[in-house]
2 protein chains.
Amino acid sequence: MHANALATSRSIHAPAMLTSHSFVRPQLLTYFAAEAEIYAQGEQSGPLYRIEYGAVRIYRLLGDGRRQVVAFHLAGETFGFEAGRNHSFFAESMVQTGLRVLDRPTGDQSPDLMALALRGMIRAQEHLLVVGRQNAVERVAAFLLDMMERQGDLDQVELPMTRIDIGDYLGMTIETVSRNLAKLRKEGIIRIPTSRNIEIVKPAALRRLCA
Amino acid sequence: MHANALATSRSIHAPAMLTSHSFVRPQLLTYFAAEAEIYAQGEQSGPLYRIEYGAVRIYRLLGDGRRQVVAFHLAGETFGFEAGRNHSFFAESMVQTGLRVLDRPTGDQSPDLMALALRGMIRAQEHLLVVGRQNAVERVAAFLLDMMERQGDLDQVELPMTRIDIGDYLGMTIETVSRNLAKLRKEGIIRIPTSRNIEIVKPAALRRLCA
DNA sequence: CGGGAAGTTGATATAACTCAAGGTAGGTGG
DNA sequence: CCACCTACCTTGAGTTATATCAACTTCCCG
């Protein structure tokens, strides 16, 4: 179930690069093909990553293959936080992706890192509200709004993920994702030029749906 | 829906108390009656709290009153982390509760604080898997296991929360909570001496249910 | 002892899932 | 350059898990 075809994980380390003003020193730039594994659950946790371009999914699996995507990360965002010595989640590129490997300051003493970690926690908890208490249309609406905001509030939203990814993020099947996108389209709230490109016609209507 | 009767919020500040060895200096001990508000969504965020005794729920509301409990906190645990200047959630005592107000070191530079924040994020993301991808029995089983582990793996689990709280935590109705507790009881996996006191007869069976 | 909130159980309704059949689009090889 | 192939997506029909509505029970607490 939800089998993700194994990725051709060709990652190339670019020469180290240091910037003095940044709270974490970007060093290595690493390239990932689409659908490549960045790290796996159980692996020893390593550095943080900032996405230069591309998109990443963070997920976890149940024994029978059910999958929960806990987060999508887009260009400019940082991921890789872990509580323990080992990764609790899988991270995979969804499209061709360039990551900058960040060097963690010793002792995690950066207030900026703290802020990033806290923002991650808040985002997870807000997503919990969506998944736990909203119905299918509301979830899809919330997802589209989130993607729109994170892409600069443009009315054209690019979806770097498949319907399976969206379903596993929103806790529903791909059919339900598809049906509810169609519903929003029929109501004139969105247009769907291509399956990976959504035009938000009435953002206010989407916001009203999210209660 | 899910109206929670307003709380008699009598909180008394005890004299300040300092300990030198702790990474955060416990200062004030504050008492809360059952069902009292500790902080509200939108309020300016303040200190962290460590629970001396009692139990706290953290939740968020939708416009129509639907509620998602994002976390329960028990004695010994720390809560109150916020990403911005204002609280994103409500915090309420569920039973009579004593909180120690913690003084945040300037700049949030403590690695221990960071660890606590990260653990909170991981816990939220793991809960996302439960709510997003598990069915009713599995959710109830996961909840009971979690409560058991956090109470020292004793087979007697005390539930400081109502069925409404459990339902709003697991993303289901109180009837479904009740029916699935009954199901586990009929299968001999748990006993229910009183509604707030569950005996875990077969912890292995619960674990098997969580896949 | 009485009243009310909390919890349980039953009957029915419904939203989302499952299974199934097309449709579409992007990539590859002839 | 075109046609095929495959993966992704959409739509439809029927099923099912959970919600809803309702009645009843239990347990506090005054």
# chains A, B, ... in the order shown; residues from 1 in each chain; ligands from 1
>>> select_by_dssp(residues="stretch 39-154 of chain B", states="strand (DSSP E or B)", output="number ranges by chain")
B: 39, 44, 48-53, 55-61, 67-74, 78-79, 86, 90-93, 97-103
>>> interface_residues(of="chain A", to="chain B", cutoff="7 Å", atoms="only C-alpha atoms", output="PyMOL selection string")
chain A and resi 62-64+66+68+70+82-83+107-111+114-115+117-122+124-125+128-129+131-133+171+211
>>> residues_around(residues="A:Arg185", least_positions_apart="3", cutoff="12 Å", atoms="only C-alpha atoms (C1' of nucleotides)", output="VMD selection string")
chain A and resid 137 140 to 141 178 to 182 188 to 193 195 198 to 202 205 to 206
>>> interface_residues(of="chain C", to="chain B", cutoff="12 Å", atoms="only C-alpha atoms (C1' of nucleotides)", output="ChimeraX atom specification")
/C:5-10
>>> write_last_selection(atoms="C-alpha atoms (C1' of nucleotides)", output="PDB file, in the first residue's frame")
ATOM      1  C1'  DA C   5     -23.369  15.599  34.833  1.00  0.00           C
ATOM      2  C1'  DA C   6     -20.851  11.856  32.831  1.00  0.00           C
ATOM      3  C1'  DG C   7     -20.875   7.611  30.700  1.00  0.00           C
ATOM      4  C1'  DT C   8     -22.926   3.601  28.205  1.00  0.00           C
ATOM      5  C1'  DT C   9     -25.661   1.335  24.802  1.00  0.00           C
ATOM      6  C1'  DG C  10     -28.865   0.958  20.867  1.00  0.00           C
TER       7       DG C  10
END
>>> interface_residues(of="chain D", to="chain A", cutoff="10 Å", atoms="only C-alpha atoms (C1' of nucleotides)", output="CSV table (one decimal) with N, CA and C atoms (P, O5', C5', C4', C3', O3' and C1' of nucleotides), in the first residue's frame")
chain,number,residue,atom,x,y,z
D,8,DC,P,2.9,7.4,-10.3
D,8,DC,O5',1.8,8.4,-10.6
D,8,DC,C5',2.0,9.5,-11.4
D,8,DC,C4',0.7,10.2,-11.8
D,8,DC,C3',-0.2,10.5,-10.6
D,8,DC,O3',-0.4,11.8,-10.6
D,8,DC,C1',-1.4,9.4,-12.3
D,9,DC,P,-1.2,12.5,-9.3
D,9,DC,O5',-2.7,12.6,-9.9
D,9,DC,C5',-2.9,13.2,-11.2
D,9,DC,C4',-4.3,12.9,-11.6
D,9,DC,C3',-5.4,13.1,-10.7
D,9,DC,O3',-6.1,14.3,-11.1
D,9,DC,C1',-5.8,11.1,-11.9
D,10,DT,P,-7.4,14.8,-10.3
D,10,DT,O5',-8.6,14.0,-10.9
D,10,DT,C5',-8.8,14.2,-12.3
D,10,DT,C4',-10.0,13.3,-12.7
D,10,DT,C3',-11.3,13.5,-11.9
D,10,DT,O3',-12.3,13.9,-12.8
D,10,DT,C1',-10.9,11.2,-12.1
D,11,DT,P,-13.7,14.5,-12.4
D,11,DT,O5',-14.7,13.3,-12.4
D,11,DT,C5',-14.8,12.5,-13.5
D,11,DT,C4',-15.5,11.2,-13.3
D,11,DT,C3',-16.8,11.3,-12.3
D,11,DT,O3',-17.9,10.9,-13.1
D,11,DT,C1',-15.4,9.5,-11.7
>>> closest_residue(among="B:Gln151, B:Phe143, B:Tyr39, B:Gly46", to="B:Glu77", atoms="only C-alpha atoms")
B:Gln151
>>> atom_distance(atom1="atom C1' of C:DT14", atom2="atom CA of B:Met161")
29.3 Å
>>> closest_atom_pairs(of="chain D", to="stretch 17-29 of chain C", cutoff="12 Å", atoms="only C-alpha atoms (C1' of nucleotides)", output="JSON lines")
{"residue": "D:DC1", "atom": "C1'", "partner": "C:DG29", "partner_atom": "C1'", "distance": 11.7}
{"residue": "D:DC2", "atom": "C1'", "partner": "C:DG29", "partner_atom": "C1'", "distance": 10.6}
{"residue": "D:DA3", "atom": "C1'", "partner": "C:DG29", "partner_atom": "C1'", "distance": 9.6}
{"residue": "D:DC4", "atom": "C1'", "partner": "C:DT28", "partner_atom": "C1'", "distance": 8.9}
{"residue": "D:DC5", "atom": "C1'", "partner": "C:DT28", "partner_atom": "C1'", "distance": 8.5}
{"residue": "D:DT6", "atom": "C1'", "partner": "C:DG27", "partner_atom": "C1'", "distance": 9.2}
{"residue": "D:DA7", "atom": "C1'", "partner": "C:DG26", "partner_atom": "C1'", "distance": 9.3}
{"residue": "D:DC8", "atom": "C1'", "partner": "C:DT24", "partner_atom": "C1'", "distance": 8.5}
{"residue": "D:DC9", "atom": "C1'", "partner": "C:DT24", "partner_atom": "C1'", "distance": 7.6}
{"residue": "D:DT10", "atom": "C1'", "partner": "C:DG23", "partner_atom": "C1'", "distance": 7.3}
{"residue": "D:DT11", "atom": "C1'", "partner": "C:DG22", "partner_atom": "C1'", "distance": 8.2}
{"residue": "D:DG12", "atom": "C1'", "partner": "C:DA21", "partner_atom": "C1'", "distance": 8.4}
{"residue": "D:DA13", "atom": "C1'", "partner": "C:DA20", "partner_atom": "C1'", "distance": 8.7}
{"residue": "D:DG14", "atom": "C1'", "partner": "C:DC19", "partner_atom": "C1'", "distance": 8.7}
{"residue": "D:DT15", "atom": "C1'", "partner": "C:DT18", "partner_atom": "C1'", "distance": 7.4}
{"residue": "D:DT16", "atom": "C1'", "partner": "C:DC17", "partner_atom": "C1'", "distance": 7.5}
{"residue": "D:DA17", "atom": "C1'", "partner": "C:DC17", "partner_atom": "C1'", "distance": 8.8}
{"residue": "D:DT18", "atom": "C1'", "partner": "C:DC17", "partner_atom": "C1'", "distance": 11.8}
>>> select_by_dssp(residues="stretch 10-184 of chain B", states="helix (DSSP H, G or I)", output="count of residues only")
60
>>> residues_around(residues="B:Tyr53", least_positions_apart="4", cutoff="10 Å", atoms="only C-alpha atoms (C1' of nucleotides)", output="PyMOL selection string")
chain B and resi 31+74-77+95-100
>>> atom_distance(atom1="atom CA of A:Thr78", atom2="atom CA of A:Glu52")
9.6 Å
>>> closest_residue(among="A:Leu29, A:Ala136, A:Leu48, A:Val101", to="A:Lys183", atoms="only C-alpha atoms")
A:Ala136
>>> atom_distance(atom1="atom CA of A:Arg57", atom2="atom CA of A:His73")
6.4 Å
>>> residues_around(residues="C:DG3", least_positions_apart="2", cutoff="10 Å", atoms="only C-alpha atoms (C1' of nucleotides)", output="list of chain:residue names")
C:DC1, C:DA5, D:DC29, D:DG30
